[in-house]
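> The structure follows.
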Amino acid sequence: MKEFQRYDKNYHLNNARSLIESGEIRSLRYACLELRMLIEAHVYQRLLAEIDELPKSIINTWQPSKAVRLHTQFDKYADMDFQLRLEGAGDTLEVNYNNIKSSDLIKIYNSLGSYLHLPMPKDIETFAIDKEKIIKWCDKLQRLTEGNLIILKINYITVDCMQCGKPIIYTDHYLKNQSKIACQNEQCEIEYSITNRDNSGVQLSADCNHFSCHVCKAQIPIPLKNITNGHRFNCLDCGTDFEFKLIVHSNTPRP
């Protein structure tokens, strides 16, 4: 696939090492950017291997740190190492896939990002980019470039969203560790509580209030967390746009 060829982790690693050698603050900053791109290449290469099964809300997530968190909710093997051993005719062939735990990967990604901004005024006199720390991160991330991609397919299950009708994807691993799930349709994203888990599937309870569209009279479900001042939404039936406005009324009698 062309997508896999675009994500060249070695290219970013080699660029980072060359930039680190100069030691200049500008070069070190660009080295941090290259290492973040290495992490992005690793994450997106892993996700694209399951492009036919994973929801678009994961594949299209921009920030790799968020994509890692979402993916590990579905797949307990998403951030694990793998080894494939082939034995036969007296010979043994081992194929390895190296990974880094999601918590460590997110921490490195965010730490690298902190060097891509100008220092705050209070830190401007003492600001410096720690070259040794960047070398340490570079060495740790190098293992992501060694080995071959190995994917252990897992069973993705779907249940239809009660509002938009689109399938919501989940796994047994997700059900064991989560109490809520959101519709993965970007035009809906209603959040549900998981109220039942058995062999017949799952039952979902929408955590939302319903408002009547004053144009087409359709019921618009709004997640409780979105009922805040300034939140914008639209009717899924007629497309009318709405916005919540907080109005404070005084109890003081008017003269």
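Order determines the names: the first chain of the structure tokens is A, the second B, and so forth; residues in each chain are numbered 1 upward, and ligands are numbered 1 upward as they are shown.
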What's around His210 of chain A at 10 Å? Count only C-alpha atoms, leave out sequence neighbours fewer than 5 positions away in its own chain, and write the answer as a PyMOL selection string.
chain A and resi 218-224
> Next, write the just-selected residues to a file, as an mmCIF file, in the first residue's frame, keeping N, CA and C atoms as the atom set.

```
data_model
loop_
_atom_site.group_PDB
_atom_site.id
_atom_site.type_symbol
_atom_site.label_atom_id
_atom_site.label_comp_id
_atom_site.auth_asym_id
_atom_site.auth_seq_id
_atom_site.Cartn_x
_atom_site.Cartn_y
_atom_site.Cartn_z
ATOM 1 N N ALA A 218 -38.406 17.699 14.770
ATOM 2 C CA ALA A 218 -37.692 16.470 15.120
ATOM 3 C C ALA A 218 -37.044 16.613 16.493
ATOM 4 N N GLN A 219 -36.889 15.498 17.175
ATOM 5 C CA GLN A 219 -36.230 15.483 18.475
ATOM 6 C C GLN A 219 -34.714 15.435 18.278
ATOM 7 N N ILE A 220 -34.014 16.379 18.937
ATOM 8 C CA ILE A 220 -32.558 16.466 18.814
ATOM 9 C C ILE A 220 -31.939 16.028 20.132
ATOM 10 N N PRO A 221 -31.233 14.893 20.153
ATOM 11 C CA PRO A 221 -30.571 14.457 21.390
ATOM 12 C C PRO A 221 -29.261 15.215 21.594
ATOM 13 N N ILE A 222 -29.073 15.774 22.770
ATOM 14 C CA ILE A 222 -27.853 16.501 23.087
ATOM 15 C C ILE A 222 -27.199 15.852 24.309
ATOM 16 N N PRO A 223 -25.966 15.369 24.169
ATOM 17 C CA PRO A 223 -25.277 14.802 25.334
ATOM 18 C C PRO A 223 -25.241 15.804 26.482
ATOM 19 N N LEU A 224 -25.411 15.304 27.708
ATOM 20 C CA LEU A 224 -25.452 16.181 28.869
ATOM 21 C C LEU A 224 -24.197 17.044 28.988
#
```
> Report as a ChimeraX atom specification all protein, DNA and RNA residues lying within 7 Å of segment 30-41 of chain A, evaluated on only C-alpha atoms, omitting residues in the same chain fewer than 6 positions from it.
/A:7-9,12-13,15-16,19-20,64,109,112
> Restricting it to N, CA and C atoms, dump the selection as a PDB file, in the first residue's frame.

```pdb
ATOM      1  N   TYR A   7       5.000   6.524   5.419  1.00  0.00           N
ATOM      2  CA  TYR A   7       5.393   6.612   6.816  1.00  0.00           C
ATOM      3  C   TYR A   7       6.723   5.898   7.025  1.00  0.00           C
ATOM      4  N   ASP A   8       7.816   6.621   6.735  1.00  0.00           N
ATOM      5  CA  ASP A   8       9.169   6.065   6.814  1.00  0.00           C
ATOM      6  C   ASP A   8       9.799   6.495   8.137  1.00  0.00           C
ATOM      7  N   LYS A   9       9.777   5.613   9.117  1.00  0.00           N
ATOM      8  CA  LYS A   9      10.284   5.942  10.446  1.00  0.00           C
ATOM      9  C   LYS A   9      11.796   6.143  10.449  1.00  0.00           C
ATOM     10  N   HIS A  12      12.859   9.767   9.465  1.00  0.00           N
ATOM     11  CA  HIS A  12      12.752  10.771  10.527  1.00  0.00           C
ATOM     12  C   HIS A  12      13.812  10.541  11.603  1.00  0.00           C
ATOM     13  N   LEU A  13      14.123   9.292  11.904  1.00  0.00           N
ATOM     14  CA  LEU A  13      15.155   8.996  12.902  1.00  0.00           C
ATOM     15  C   LEU A  13      16.517   9.510  12.430  1.00  0.00           C
ATOM     16  N   ASN A  15      17.149  11.856  10.234  1.00  0.00           N
ATOM     17  CA  ASN A  15      17.125  13.321  10.234  1.00  0.00           C
ATOM     18  C   ASN A  15      17.362  13.868  11.638  1.00  0.00           C
ATOM     19  N   ALA A  16      16.705  13.256  12.618  1.00  0.00           N
ATOM     20  CA  ALA A  16      16.838  13.712  14.003  1.00  0.00           C
ATOM     21  C   ALA A  16      18.282  13.569  14.479  1.00  0.00           C
ATOM     22  N   LEU A  19      20.522  16.256  13.025  1.00  0.00           N
ATOM     23  CA  LEU A  19      20.262  17.564  13.621  1.00  0.00           C
ATOM     24  C   LEU A  19      20.824  17.659  15.035  1.00  0.00           C
ATOM     25  N   ILE A  20      20.770  16.554  15.770  1.00  0.00           N
ATOM     26  CA  ILE A  20      21.284  16.548  17.138  1.00  0.00           C
ATOM     27  C   ILE A  20      22.791  16.780  17.152  1.00  0.00           C
ATOM     28  N   PRO A  64      -1.531  11.939  17.353  1.00  0.00           N
ATOM     29  CA  PRO A  64      -1.208  10.533  17.620  1.00  0.00           C
ATOM     30  C   PRO A  64      -1.412  10.135  19.075  1.00  0.00           C
ATOM     31  N   TYR A 109       6.012  12.065  23.367  1.00  0.00           N
ATOM     32  CA  TYR A 109       5.429  12.922  22.333  1.00  0.00           C
ATOM     33  C   TYR A 109       5.133  14.316  22.883  1.00  0.00           C
ATOM     34  N   LEU A 112       8.470  16.210  23.753  1.00  0.00           N
ATOM     35  CA  LEU A 112       9.100  16.750  22.542  1.00  0.00           C
ATOM     36  C   LEU A 112       8.378  18.007  22.079  1.00  0.00           C
TER      37      LEU A 112
END
```
> Fewer than 2 positions away in the same chain doesn't count, so skip those; otherwise give me all residues within 6 Å of segment 145-160 of chain A, counting only C-alpha atoms, as a list of chain:residue names.
A:Lys9, A:Asn10, A:Asn96, A:Tyr97, A:Gln142, A:Arg143, A:Gly165, A:Lys166, A:Pro167, A:Ile168, A:Ile169, A:Tyr170, A:Thr171
> Quick one: everything within 12 Å of Lys66 of chain A, counting only C-alpha atoms, minus sequence neighbours fewer than 6 positions away in the same chain. Send it as a list in words.
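Here the qualifying residues turn out to be Glu40, Val43, Tyr44, Ser57, Ile58, Ile59, Asn60, Thr72, Gln73, Ser102, Ser103, Leu105, Ile106, Lys107, Tyr109 and Asn110 of chain A.
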> For Tyr174 of chain A, which residue among A:Asp75, A:Glu125, A:Glu94, A:Glu21 is the nearest when counting only C-alpha atoms?
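Of the candidates, the smallest distance to Tyr174 of chain A is held by A:Asp75.
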> Give the helix (DSSP H, G or I) residues of segment 14-214 of chain A, as DSSP finds them on the backbone, and put them as JSON, numbers by chain.
{"A": [14, 15, 16, 17, 18, 19, 20, 21, 22, 25, 26, 27, 28, 29, 30, 31, 32, 33, 34, 35, 36, 37, 38, 39, 40, 41, 42, 43, 44, 45, 46, 47, 48, 56, 57, 58, 59, 64, 65, 66, 67, 68, 69, 70, 71, 72, 73, 74, 102, 103, 104, 105, 106, 107, 108, 109, 110, 111, 112, 113, 114, 121, 122, 123, 131, 132, 133, 134, 135, 136, 137, 138, 139, 140, 141, 142, 143, 144, 145, 172, 173, 174, 175, 176, 177]}
> Please list as a list in words every residue within 8 Å of Phe244 of chain A, counting only C-alpha atoms and excluding residues in the same chain fewer than 5 positions away.
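The neighbour list is Ile227, Thr228, Asn229, Gly230, His231 and Arg232 of chain A.
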> For Ile190 of chain A, which residue among A:Leu144, A:Phe211, A:Met162, A:Tyr115 is the nearest when counting only C-alpha atoms?
A:Met162
> Considering only C-alpha atoms, can you say which of A:Val215, A:Gln63, A:Leu28, A:Pro55 comes closest to Glu132 of chain A?
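Using only C-alpha atoms, the shortest distance to Glu132 of chain A belongs to A:Leu28.
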> Compile the contact shell of Leu118 of chain A as a list in words: residues with an atom at most 12 Å away, counting only C-alpha atoms, same-chain residues fewer than 2 positions apart removed.
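Selected residues are Ile25, Arg26, Arg29, Gly113, Ser114, Tyr115, Leu116, Met120, Pro121, Lys122, Asp123, Ile124, Glu125, Phe127, Ala128 and Ile129 of chain A.
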> Could you write those residues out with N, CA and C atoms, as a short mmCIF file (atom, residue, chain, number, x, y, z; two decimals), in the first residue's frame?

```
data_model
loop_
_atom_site.label_atom_id
_atom_site.label_comp_id
_atom_site.auth_asym_id
_atom_site.auth_seq_id
_atom_site.Cartn_x
_atom_site.Cartn_y
_atom_site.Cartn_z
N ILE A 25 20.60 25.25 19.10
CA ILE A 25 19.25 25.21 19.62
C ILE A 25 18.22 25.07 18.49
N ARG A 26 18.48 25.72 17.35
CA ARG A 26 17.55 25.61 16.23
C ARG A 26 17.51 24.18 15.70
N ARG A 29 15.69 21.86 18.08
CA ARG A 29 14.25 22.04 17.99
C ARG A 29 13.69 21.25 16.79
N GLY A 113 7.05 18.00 22.19
CA GLY A 113 6.26 19.14 21.76
C GLY A 113 6.52 20.38 22.59
N SER A 114 6.92 20.20 23.83
CA SER A 114 7.18 21.36 24.69
C SER A 114 8.35 22.19 24.19
N TYR A 115 9.24 21.59 23.40
CA TYR A 115 10.40 22.31 22.86
C TYR A 115 10.10 23.01 21.54
N LEU A 116 8.89 22.84 21.03
CA LEU A 116 8.53 23.43 19.73
C LEU A 116 7.88 24.80 19.89
N MET A 120 8.01 30.83 27.80
CA MET A 120 7.19 31.86 28.43
C MET A 120 8.11 32.95 28.99
N PRO A 121 7.61 34.18 29.13
CA PRO A 121 8.46 35.29 29.62
C PRO A 121 9.20 34.97 30.91
N LYS A 122 8.57 34.25 31.82
CA LYS A 122 9.22 33.95 33.10
C LYS A 122 10.38 32.97 32.96
N ASP A 123 10.42 32.23 31.82
CA ASP A 123 11.46 31.23 31.62
C ASP A 123 12.50 31.64 30.59
N ILE A 124 12.35 32.81 30.00
CA ILE A 124 13.18 33.17 28.86
C ILE A 124 14.67 33.26 29.20
N GLU A 125 15.01 33.63 30.42
CA GLU A 125 16.42 33.78 30.79
C GLU A 125 17.10 32.43 31.00
N PHE A 127 15.86 29.41 29.66
CA PHE A 127 15.39 28.39 28.71
C PHE A 127 16.56 27.73 27.98
N ALA A 128 16.49 26.42 27.87
CA ALA A 128 17.48 25.65 27.12
C ALA A 128 16.85 24.34 26.70
N ILE A 129 17.30 23.80 25.58
CA ILE A 129 16.84 22.50 25.13
C ILE A 129 17.88 21.47 25.56
#
```
